[in-house]
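Coordinates from structure.pdb are shown below (PDB, C-alpha atoms).
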MODEL        1
ATOM      1  CA  MET A   1      -3.133-196.727 134.880
ATOM      2  CA  HIS A   2      -6.713-197.353 136.014
ATOM      3  CA  THR A   3      -8.484-195.211 138.592
ATOM      4  CA  LEU A   4     -10.706-196.626 141.313
ATOM      5  CA  LYS A   5     -14.275-195.313 141.021
ATOM      6  CA  PHE A   6     -16.837-195.834 143.788
ATOM      7  CA  THR A   7     -20.262-196.584 142.295
ATOM      8  CA  ALA A   8     -22.467-197.315 145.327
ATOM      9  CA  GLU A   9     -22.353-197.159 149.124
ATOM     10  CA  SER A  10     -24.441-198.631 151.934
ATOM     11  CA  ILE A  11     -24.085-199.164 155.685
ATOM     12  CA  SER A  12     -25.296-202.180 157.656
ATOM     13  CA  ASN A  13     -24.526-203.438 161.164
ATOM     14  CA  GLY A  14     -21.508-201.205 161.634
ATOM     15  CA  MET A  15     -19.926-201.933 158.256
ATOM     16  CA  VAL A  16     -19.837-199.677 155.216
ATOM     17  CA  GLU A  17     -19.934-201.402 151.826
ATOM     18  CA  ARG A  18     -18.585-199.504 148.825
ATOM     19  CA  ASP A  19     -18.888-200.938 145.323
ATOM     20  CA  PHE A  20     -16.109-199.889 142.969
ATOM     21  CA  THR A  21     -14.646-200.447 139.548
ATOM     22  CA  VAL A  22     -11.041-200.350 138.396
ATOM     23  CA  GLY A  23     -11.178-200.323 134.624
ATOM     24  CA  ASP A  24     -13.564-203.142 133.716
ATOM     25  CA  VAL A  25     -13.067-205.011 136.992
ATOM     26  CA  PRO A  26     -15.883-204.695 139.573
ATOM     27  CA  GLY A  27     -15.154-204.988 143.260
ATOM     28  CA  VAL A  28     -16.368-204.189 146.755
ATOM     29  CA  LEU A  29     -14.556-202.573 149.682
ATOM     30  CA  TRP A  30     -15.814-203.139 153.221
ATOM     31  CA  SER A  31     -14.708-200.871 156.087
ATOM     32  CA  PRO A  32     -15.803-200.024 159.654
ATOM     33  CA  ALA A  33     -18.762-197.636 159.500
ATOM     34  CA  SER A  34     -17.357-195.682 162.432
ATOM     35  CA  GLY A  35     -14.017-195.151 160.696
ATOM     36  CA  ALA A  36     -14.302-195.875 156.974
ATOM     37  CA  THR A  37     -11.653-193.264 156.273
ATOM     38  CA  ASP A  38      -9.352-194.235 159.156
ATOM     39  CA  ARG A  39      -5.974-195.736 158.272
ATOM     40  CA  ALA A  40      -5.972-199.523 158.680
ATOM     41  CA  PRO A  41      -4.491-202.655 157.088
ATOM     42  CA  LEU A  42      -6.056-204.126 153.949
ATOM     43  CA  VAL A  43      -7.077-207.749 153.437
ATOM     44  CA  LEU A  44      -7.682-208.905 149.860
ATOM     45  CA  MET A  45     -10.101-211.818 149.548
ATOM     46  CA  GLY A  46     -10.521-214.256 146.675
ATOM     47  CA  HIS A  47     -13.917-215.931 146.247
ATOM     48  CA  GLY A  48     -14.551-219.547 145.373
ATOM     49  CA  GLY A  49     -15.312-221.028 141.961
ATOM     50  CA  GLY A  50     -18.806-220.297 140.681
ATOM     51  CA  ASN A  51     -19.317-217.598 143.317
ATOM     52  CA  HIS A  52     -18.916-213.816 143.308
ATOM     53  CA  LYS A  53     -17.534-210.895 145.283
ATOM     54  CA  LYS A  54     -20.608-210.534 147.537
ATOM     55  CA  HIS A  55     -21.233-214.227 148.157
ATOM     56  CA  PRO A  56     -22.302-214.762 151.801
ATOM     57  CA  ALA A  57     -18.943-216.398 152.538
ATOM     58  CA  MET A  58     -17.191-213.221 151.422
ATOM     59  CA  SER A  59     -19.425-210.758 153.253
ATOM     60  CA  GLY A  60     -19.400-212.956 156.358
ATOM     61  CA  ARG A  61     -15.618-213.192 156.489
ATOM     62  CA  ALA A  62     -15.365-209.485 155.761
ATOM     63  CA  ARG A  63     -17.667-208.695 158.678
ATOM     64  CA  LEU A  64     -15.442-210.685 161.037
ATOM     65  CA  LEU A  65     -12.310-208.888 159.811
ATOM     66  CA  VAL A  66     -13.926-205.451 159.910
ATOM     67  CA  ALA A  67     -15.647-205.868 163.278
ATOM     68  CA  GLY A  68     -12.844-207.835 164.871
ATOM     69  CA  CYS A  69      -9.837-205.774 163.784
ATOM     70  CA  GLY A  70     -11.056-202.694 161.949
ATOM     71  CA  PHE A  71      -9.530-203.903 158.684
ATOM     72  CA  HIS A  72     -10.472-202.757 155.203
ATOM     73  CA  VAL A  73     -11.446-205.792 153.088
ATOM     74  CA  ALA A  74     -11.607-205.889 149.277
ATOM     75  CA  VAL A  75     -12.935-208.520 146.862
ATOM     76  CA  ILE A  76     -13.131-208.415 143.071
ATOM     77  CA  ASP A  77     -15.152-210.632 140.750
ATOM     78  CA  ALA A  78     -12.848-213.163 139.110
ATOM     79  CA  PRO A  79     -12.955-213.360 135.283
ATOM     80  CA  GLY A  80     -16.191-214.983 134.143
ATOM     81  CA  HIS A  81     -17.771-214.637 137.589
ATOM     82  CA  GLY A  82     -20.242-212.323 139.281
ATOM     83  CA  ASP A  83     -20.911-209.213 137.223
ATOM     84  CA  ARG A  84     -18.362-210.182 134.584
ATOM     85  CA  PRO A  85     -19.417-211.879 131.321
ATOM     86  CA  ARG A  86     -18.458-215.446 130.548
ATOM     87  CA  THR A  87     -16.403-216.164 127.466
ATOM     88  CA  ALA A  88     -16.826-219.174 125.208
ATOM     89  CA  HIS A  89     -13.845-220.719 126.996
ATOM     90  CA  ASP A  90     -15.582-220.254 130.358
ATOM     91  CA  GLU A  91     -18.713-221.961 129.054
ATOM     92  CA  GLU A  92     -16.726-224.889 127.661
ATOM     93  CA  GLU A  93     -14.866-225.495 130.926
ATOM     94  CA  ILE A  94     -18.013-225.199 133.043
ATOM     95  CA  ALA A  95     -19.852-227.629 130.757
ATOM     96  CA  ALA A  96     -16.947-230.099 131.037
ATOM     97  CA  LEU A  97     -17.064-229.813 134.824
ATOM     98  CA  PHE A  98     -20.797-230.537 134.990
ATOM     99  CA  ARG A  99     -20.448-233.502 132.627
ATOM    100  CA  ALA A 100     -17.801-234.984 134.903
ATOM    101  CA  ARG A 101     -19.982-234.480 137.968
ATOM    102  CA  GLU A 102     -23.024-236.040 136.330
ATOM    103  CA  ALA A 103     -20.945-239.032 135.282
ATOM    104  CA  GLY A 104     -19.405-239.394 138.736
ATOM    105  CA  GLU A 105     -15.942-238.852 137.293
ATOM    106  CA  PRO A 106     -13.070-237.000 139.026
ATOM    107  CA  GLU A 107     -13.276-233.268 138.431
ATOM    108  CA  GLY A 108      -9.870-232.250 139.754
ATOM    109  CA  ALA A 109      -8.088-232.080 136.394
ATOM    110  CA  ILE A 110     -10.788-229.826 134.935
ATOM    111  CA  VAL A 111     -10.867-227.501 137.952
ATOM    112  CA  VAL A 112      -7.066-227.236 138.046
ATOM    113  CA  ARG A 113      -6.912-226.438 134.331
ATOM    114  CA  TYR A 114      -9.687-223.865 134.429
ATOM    115  CA  ASN A 115      -8.488-222.207 137.633
ATOM    116  CA  SER A 116      -4.980-221.930 136.179
ATOM    117  CA  HIS A 117      -6.420-220.097 133.183
ATOM    118  CA  LEU A 118      -8.410-217.756 135.428
ATOM    119  CA  ALA A 119      -5.335-217.040 137.548
ATOM    120  CA  GLU A 120      -3.367-215.931 134.487
ATOM    121  CA  LEU A 121      -6.046-213.304 133.886
ATOM    122  CA  ALA A 122      -6.766-212.382 137.493
ATOM    123  CA  VAL A 123      -3.234-211.885 138.847
ATOM    124  CA  PRO A 124      -2.473-208.741 136.800
ATOM    125  CA  GLU A 125      -5.986-207.476 137.573
ATOM    126  CA  TRP A 126      -5.436-207.895 141.288
ATOM    127  CA  ARG A 127      -2.126-206.041 141.099
ATOM    128  CA  THR A 128      -3.784-203.129 139.290
ATOM    129  CA  VAL A 129      -6.623-203.071 141.828
ATOM    130  CA  LEU A 130      -4.132-203.114 144.704
ATOM    131  CA  ASP A 131      -2.314-200.161 143.125
ATOM    132  CA  ALA A 132      -5.612-198.261 143.019
ATOM    133  CA  LEU A 133      -6.665-199.221 146.548
ATOM    134  CA  GLN A 134      -3.345-198.079 147.958
ATOM    135  CA  GLU A 135      -3.982-194.615 146.567
ATOM    136  CA  LEU A 136      -6.825-194.263 149.070
ATOM    137  CA  PRO A 137      -5.631-192.360 152.167
ATOM    138  CA  GLU A 138      -7.302-194.884 154.481
ATOM    139  CA  ILE A 139      -5.101-197.653 153.032
ATOM    140  CA  GLY A 140      -1.925-196.009 151.751
ATOM    141  CA  ALA A 141       1.007-197.318 149.754
ATOM    142  CA  ASP A 142       2.932-198.428 152.845
ATOM    143  CA  GLY A 143       0.108-200.161 154.743
ATOM    144  CA  PRO A 144       0.101-203.878 155.572
ATOM    145  CA  VAL A 145      -1.692-206.175 153.108
ATOM    146  CA  GLY A 146      -2.979-209.708 153.639
ATOM    147  CA  TYR A 147      -4.672-212.223 151.344
ATOM    148  CA  TYR A 148      -7.512-214.620 152.229
ATOM    149  CA  GLY A 149      -8.691-217.134 149.640
ATOM    150  CA  ILE A 150      -9.866-220.755 149.775
ATOM    151  CA  ASN A 151     -10.451-223.104 146.800
ATOM    152  CA  MET A 152     -10.289-220.947 143.634
ATOM    153  CA  GLY A 153      -9.163-218.126 145.910
ATOM    154  CA  THR A 154      -6.024-220.173 146.540
ATOM    155  CA  ALA A 155      -5.591-220.963 142.830
ATOM    156  CA  ILE A 156      -5.414-217.219 142.186
ATOM    157  CA  GLY A 157      -3.779-216.213 145.454
ATOM    158  CA  VAL A 158      -0.674-218.405 145.216
ATOM    159  CA  PRO A 159       0.523-217.096 141.815
ATOM    160  CA  LEU A 160      -0.435-213.576 142.928
ATOM    161  CA  MET A 161       1.683-213.836 146.068
ATOM    162  CA  ALA A 162       4.584-215.322 144.121
ATOM    163  CA  VAL A 163       4.922-212.012 142.233
ATOM    164  CA  GLU A 164       3.440-209.553 144.737
ATOM    165  CA  PRO A 165       5.748-208.602 147.647
ATOM    166  CA  ARG A 166       3.166-206.260 149.170
ATOM    167  CA  ILE A 167       1.206-209.236 150.527
ATOM    168  CA  THR A 168       2.843-210.202 153.820
ATOM    169  CA  ALA A 169       0.507-212.885 155.248
ATOM    170  CA  ALA A 170      -2.139-215.220 153.831
ATOM    171  CA  VAL A 171      -4.839-217.737 154.686
ATOM    172  CA  LEU A 172      -5.157-220.340 151.926
ATOM    173  CA  GLY A 173      -6.249-223.924 151.369
ATOM    174  CA  GLN A 174      -8.396-226.582 149.727
ATOM    175  CA  HIS A 175      -6.724-226.858 146.357
ATOM    176  CA  TRP A 176      -4.642-229.292 144.357
ATOM    177  CA  PRO A 177      -0.848-228.774 144.155
ATOM    178  CA  ASP A 178      -0.452-229.542 140.441
ATOM    179  CA  VAL A 179       0.283-226.061 139.072
ATOM    180  CA  LEU A 180       0.685-224.269 142.401
ATOM    181  CA  ALA A 181       3.508-226.136 144.133
ATOM    182  CA  GLU A 182       6.340-224.526 142.170
ATOM    183  CA  LYS A 183       4.932-221.052 142.828
ATOM    184  CA  ALA A 184       4.381-221.911 146.496
ATOM    185  CA  LYS A 185       8.114-222.585 146.780
ATOM    186  CA  GLN A 186       8.662-218.869 146.081
ATOM    187  CA  ILE A 187       6.456-217.775 148.986
ATOM    188  CA  THR A 188       8.047-217.138 152.378
ATOM    189  CA  VAL A 189       5.430-215.071 154.236
ATOM    190  CA  PRO A 190       3.403-216.546 157.135
ATOM    191  CA  ILE A 191       0.687-218.942 155.953
ATOM    192  CA  GLU A 192      -2.362-220.481 157.590
ATOM    193  CA  PHE A 193      -3.573-223.406 155.482
ATOM    194  CA  ASP A 194      -6.971-225.120 155.674
ATOM    195  CA  MET A 195      -7.800-228.603 154.446
ATOM    196  CA  GLN A 196     -10.580-231.138 154.903
ATOM    197  CA  TRP A 197      -9.299-234.550 155.940
ATOM    198  CA  ASP A 198     -12.163-236.369 154.208
ATOM    199  CA  ASP A 199     -12.309-234.165 151.087
ATOM    200  CA  GLU A 200     -13.983-236.156 148.319
ATOM    201  CA  HIS A 201     -12.292-234.088 145.593
ATOM    202  CA  ILE A 202      -8.808-233.272 146.893
ATOM    203  CA  PRO A 203      -6.920-236.286 148.317
ATOM    204  CA  ARG A 204      -5.299-235.474 151.639
ATOM    205  CA  GLU A 205      -1.910-236.334 150.134
ATOM    206  CA  SER A 206      -2.459-233.596 147.548
ATOM    207  CA  ALA A 207      -3.489-231.025 150.150
ATOM    208  CA  LEU A 208      -0.464-231.901 152.294
ATOM    209  CA  ALA A 209       1.822-231.635 149.258
ATOM    210  CA  LEU A 210       0.694-228.080 148.583
ATOM    211  CA  PHE A 211       1.094-227.115 152.239
ATOM    212  CA  ASP A 212       4.567-228.644 152.276
ATOM    213  CA  ALA A 213       5.596-226.702 149.153
ATOM    214  CA  PHE A 214       5.413-223.269 150.802
ATOM    215  CA  ALA A 215       8.861-221.993 151.762
ATOM    216  CA  SER A 216       7.457-220.038 154.709
ATOM    217  CA  LYS A 217       9.260-220.459 158.017
ATOM    218  CA  GLU A 218       5.933-219.861 159.737
ATOM    219  CA  LYS A 219       3.114-221.935 158.323
ATOM    220  CA  THR A 220       0.281-223.625 160.171
ATOM    221  CA  LEU A 221      -1.852-226.520 158.939
ATOM    222  CA  HIS A 222      -5.504-226.678 160.004
ATOM    223  CA  ALA A 223      -6.881-230.114 159.096
ATOM    224  CA  ASN A 224     -10.521-230.726 159.972
ATOM    225  CA  SER A 225     -12.619-233.839 159.546
ATOM    226  CA  GLY A 226     -15.362-233.554 156.952
ATOM    227  CA  LYS A 227     -15.930-233.268 153.241
ATOM    228  CA  HIS A 228     -14.943-230.502 150.823
ATOM    229  CA  LYS A 229     -17.799-228.117 151.633
ATOM    230  CA  GLU A 230     -17.742-228.778 155.379
ATOM    231  CA  LEU A 231     -14.916-226.422 156.332
ATOM    232  CA  PRO A 232     -15.849-225.333 159.885
ATOM    233  CA  ARG A 233     -16.982-221.751 160.295
ATOM    234  CA  PHE A 234     -14.612-221.329 163.231
ATOM    235  CA  GLU A 235     -11.737-221.349 160.743
ATOM    236  CA  ALA A 236     -12.860-217.837 159.735
ATOM    237  CA  ASP A 237     -12.432-216.747 163.359
ATOM    238  CA  SER A 238      -8.952-218.265 163.328
ATOM    239  CA  ALA A 239      -8.169-216.308 160.153
ATOM    240  CA  VAL A 240      -9.076-213.062 161.938
ATOM    241  CA  ARG A 241      -6.644-213.853 164.752
ATOM    242  CA  PHE A 242      -3.972-214.800 162.204
ATOM    243  CA  PHE A 243      -4.269-211.507 160.346
ATOM    244  CA  ALA A 244      -4.386-209.561 163.601
ATOM    245  CA  ARG A 245      -1.031-211.074 164.577
ATOM    246  CA  HIS A 246       0.659-210.477 161.254
ATOM    247  CA  LEU A 247      -0.864-207.188 160.133
ATOM    248  CA  GLY A 248      -0.460-205.445 163.469
ATOM    249  CA  ARG A 249      -3.937-205.187 164.990
ATOM    250  CA  SER A 250      -5.665-206.436 168.120
ATOM    251  CA  VAL A 251      -8.859-208.499 168.052
ATOM    252  CA  ALA A 252     -11.874-206.797 169.592
ATOM    253  CA  ALA A 253     -13.778-208.717 172.252
ATOM    254  CA  PRO A 254     -17.227-209.944 171.145
ATOM    255  CA  ALA A 255     -19.997-207.463 171.910
TER     256      ALA A 255
ENDMDL
END
Can I see the file as structure tokens?
Amino acid sequence: MHTLKFTAESISNGMVERDFTVGDVPGVLWSPASGATDRAPLVLMGHGGGNHKKHPAMSGRARLLVAGCGFHVAVIDAPGHGDRPRTAHDEEEIAALFRAREAGEPEGAIVVRYNSHLAELAVPEWRTVLDALQELPEIGADGPVGYYGINMGTAIGVPLMAVEPRITAAVLGQHWPDVLAEKAKQITVPIEFDMQWDDEHIPRESALALFDAFASKEKTLHANSGKHKELPRFEADSAVRFFARHLGRSVAAPA
């Protein structure tokens, strides 16, 4: 069993940021500066492909969840990302992806294959990290847990949720259904799902197929016009309200 070790701490704009490791896996935990040790729900976040745990999208979404609801928010670097070394397999898949892009060829098959490989590695890591986080008194073993991950965050989040009953609500989206649909059929918790109607990589039929696969009685589809990287920022605000409803918190009024 791996122990969570805090390695650095800083405070900015009302949010405390604590770097940690669990075994060889680096992560970051964000909490309200005024109550970093107060009991509150935990939201796990998965970052996108090619990014890292402190990417602006991650810290920005964390700030909304921390300031809006007083949540604790945790992100870990996926295998081969951030502070983690790339393997020869990582390098091969990334090179294949760039060759496809340069040639103007579809990249979906490569991304699906690579993300599936990363998920096989990341799911047991996430479960170990969750074990360690729940040993913290401000989170606890019986506290509510949500998951928020778009793109590669969905590729890892869906198989994680299929085997992890502690996650009781999730915001997902923007991924192909190829290897995720069967696992999505095992998921019954509330889902908010984002897609881009004009996504140049993921056909809308594919996005709709993955949404349809979830067995959740409560699932909401958010389809916005625009291309793959044009997901509106207001969807992050919607995610805060979603987690507030399902993890038992109220949303603070804007200052």
Given the file shown, enumerate the residues that the PyMOL selection byres ((chain A and resi 224-234) around 6) captures and present them as a list in words. Gln196, Trp197, Asp198, Asp199, Ala223, Glu235, Ala236 and Asp237 of chain A
Starting from the displayed file, determine the output of the PyMOL selection byres ((chain A and resi 113) around 12) and express the residue list as a CSV table (one decimal) with C-alpha atoms, in the frame of the given file.
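As a result, result.csv now contains:
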chain,number,residue,atom,x,y,z
A,89,HIS,CA,-13.8,-220.7,127.0
A,90,ASP,CA,-15.6,-220.3,130.4
A,92,GLU,CA,-16.7,-224.9,127.7
A,93,GLU,CA,-14.9,-225.5,130.9
A,94,ILE,CA,-18.0,-225.2,133.0
A,96,ALA,CA,-16.9,-230.1,131.0
A,97,LEU,CA,-17.1,-229.8,134.8
A,107,GLU,CA,-13.3,-233.3,138.4
A,108,GLY,CA,-9.9,-232.2,139.8
A,109,ALA,CA,-8.1,-232.1,136.4
A,110,ILE,CA,-10.8,-229.8,134.9
A,111,VAL,CA,-10.9,-227.5,138.0
A,112,VAL,CA,-7.1,-227.2,138.0
A,114,TYR,CA,-9.7,-223.9,134.4
A,115,ASN,CA,-8.5,-222.2,137.6
A,116,SER,CA,-5.0,-221.9,136.2
A,117,HIS,CA,-6.4,-220.1,133.2
A,118,LEU,CA,-8.4,-217.8,135.4
A,119,ALA,CA,-5.3,-217.0,137.5
A,120,GLU,CA,-3.4,-215.9,134.5
A,152,MET,CA,-10.3,-220.9,143.6
A,155,ALA,CA,-5.6,-221.0,142.8
A,176,TRP,CA,-4.6,-229.3,144.4
A,177,PRO,CA,-0.8,-228.8,144.2
A,178,ASP,CA,-0.5,-229.5,140.4
A,179,VAL,CA,0.3,-226.1,139.1
A,180,LEU,CA,0.7,-224.3,142.4
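Interatomic distance, CA of Gly157 (chain A) against CA of Ala8 (chain A): 26.6 Å.
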Given the file above and the PyMOL selection byres ((chain A and resi 11) around 12), which residues are selected, and can you give them as a count of residues only? 20
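Picture a line from CA of Ile139 (chain A) to CA of Asn151 (chain A); it runs 26.7 Å.
Reported to one decimal place, the separation of CA of Val189 (chain A) from CA of Thr168 (chain A) is 5.5 Å.
Residues within 8 Å of region 129-134 of chain A, counting only C-alpha atoms and excluding same-chain residues fewer than 6 positions away, are His2, Thr3, Leu4, Val22, Gly140, Ala141, Asp142 and Gly143 of chain A.
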Please identify all polymer residues lying at most 9 Å from the point (-10.2, -215.1, 145.0) (file coordinates), using all atoms listed in the file, and present the result as a ChimeraX atom specification. /A:44-49,52-53,75-78,122,147-157
Restricting the calculation to only C-alpha atoms, which member of A:Ala215, A:Val240, A:Val28, A:Val158 is positioned closest to Pro190 (chain A)? A:Ala215
